[in-house]
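Here is the structure we will look at, set down as structure tokens.
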Amino acid sequence: MKFFYSKNVLIFIVTFVVFTIFFKSYFNVQQRNEVEQTSVKITGLNEHIKIKVYGTNWCPYCEKTKKLLVQKKLPFIFIDVENDASGHEEFEKLRGDKYPLIIIGNILIRGFNVPAIENQLTQQKL
């Protein structure tokens, strides 16, 4: 009986470790900087429009980002990566792994991070 119990515990532990590794790789769960400089050329930005947001229409954090930028009366470009092939390609080049992916100047912000957004808007003098 003792051998049966310890064998089941060992099987459980091995199964747990395998599934944990699988899900981390499958869902690309990695610790990345939420704010980083990008060297990828971003199309559509100019001296008047310095903000680009990659997201989806169903994402609540994308809506919060757009609402924040509209409240601040800042011009921005929103790219729905599900309906824009070139936008999706740019999103992947930027190693996009969550929504929204925000570009302010040449700074990339992953996710809806109000302090990071506010900080970059201040630094960019927007």
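Chain labels A, B, ... are given in the sequence in which chains occur in the structure tokens; within each chain residues are numbered consecutively from 1, and ligands are likewise numbered from 1 in the order shown.
Shell of Arg95 (chain A) at 10 Å, with only C-alpha atoms counted and residues fewer than 6 places along the chain excluded, is Glu89, Leu101 and Arg110 of chain A.
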**Request:** For Pro60 (chain A), list every protein, DNA or RNA residue within 10 Å, evaluated using only C-alpha atoms, and leave out those in the same chain fewer than 4 positions away; present the list as an NGL selection string.
**Result:** :A and (55-56 or 64-66 or 99-100 or 112)
**Request:** Pick out the residues sitting within 10 Å of Leu74 (chain A), and hand them over as a ChimeraX atom specification; count only C-alpha atoms, and ignore anything fewer than 6 positions along from it in its own chain.
**Result:** /A:48-51,66,68,121,126
Generate the output file for the selected residues, C-alpha atoms, as a JSON list (two decimals), in the first residue's frame.
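Saved to result12.json:
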```
[["chain", "number", "residue", "atom", "x", "y", "z"],
["A", 48, "HIS", "CA", 1.58, 65.18, -34.99],
["A", 49, "ILE", "CA", 0.76, 61.57, -34.12],
["A", 50, "LYS", "CA", 3.26, 60.00, -31.72],
["A", 51, "ILE", "CA", 1.07, 57.30, -30.20],
["A", 66, "LYS", "CA", -8.34, 54.64, -25.98],
["A", 68, "LEU", "CA", -7.56, 57.71, -21.53],
["A", 121, "LEU", "CA", 3.41, 61.17, -22.05],
["A", 126, "LEU", "CA", 2.45, 65.31, -24.87]]
```
**CA of Ile77 (chain A) to CA of Gly44 (chain A), distance in Å rounded to a single decimal** = 7.8 Å
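The space between CA of Val114 (chain A) and CA of Cys62 (chain A) spans 12.0 Å.
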**Asked** What is the distance, in Å and to one decimal place, between CA of Glu36 (chain A) and CA of Leu108 (chain A)?
**Response** 5.3 Å
**Request:** With a distance cut-off of 12 Å and only C-alpha atoms, select the neighbouring residues of Gly87 (chain A), excluding the residue or stretch itself and same-chain residues fewer than 5 positions from it, and output the selection as a ChimeraX atom specification.
**Result:** /A:42-44,52-56,77-82,92-94,96,101
Keeping only C-alpha atoms, write the selected residues to a file as a compact mmCIF listing (two decimals), in the first residue's frame.
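Final output, saved to result-v2.txt:
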```txt
# COMPACT_ATOMS: atom_id res chain seq x y z
CA ILE A 42 6.69 51.98 -36.57
CA THR A 43 4.63 53.10 -39.55
CA GLY A 44 2.18 55.98 -39.31
CA LYS A 52 0.06 53.94 -31.67
CA VAL A 53 -2.06 51.35 -29.87
CA TYR A 54 -2.28 47.71 -30.98
CA GLY A 55 -5.25 45.83 -29.63
CA THR A 56 -8.60 44.25 -30.38
CA ILE A 77 -3.62 55.44 -34.18
CA PHE A 78 -5.52 52.33 -33.07
CA ILE A 79 -4.72 49.08 -34.90
CA ASP A 80 -7.13 46.16 -34.50
CA VAL A 81 -4.62 43.33 -34.92
CA GLU A 82 -7.39 40.83 -35.69
CA GLU A 92 4.41 40.29 -33.90
CA LYS A 93 7.66 42.10 -34.83
CA LEU A 94 7.29 43.96 -31.55
CA GLY A 96 3.41 41.50 -28.76
CA LEU A 101 0.58 47.18 -26.90
```
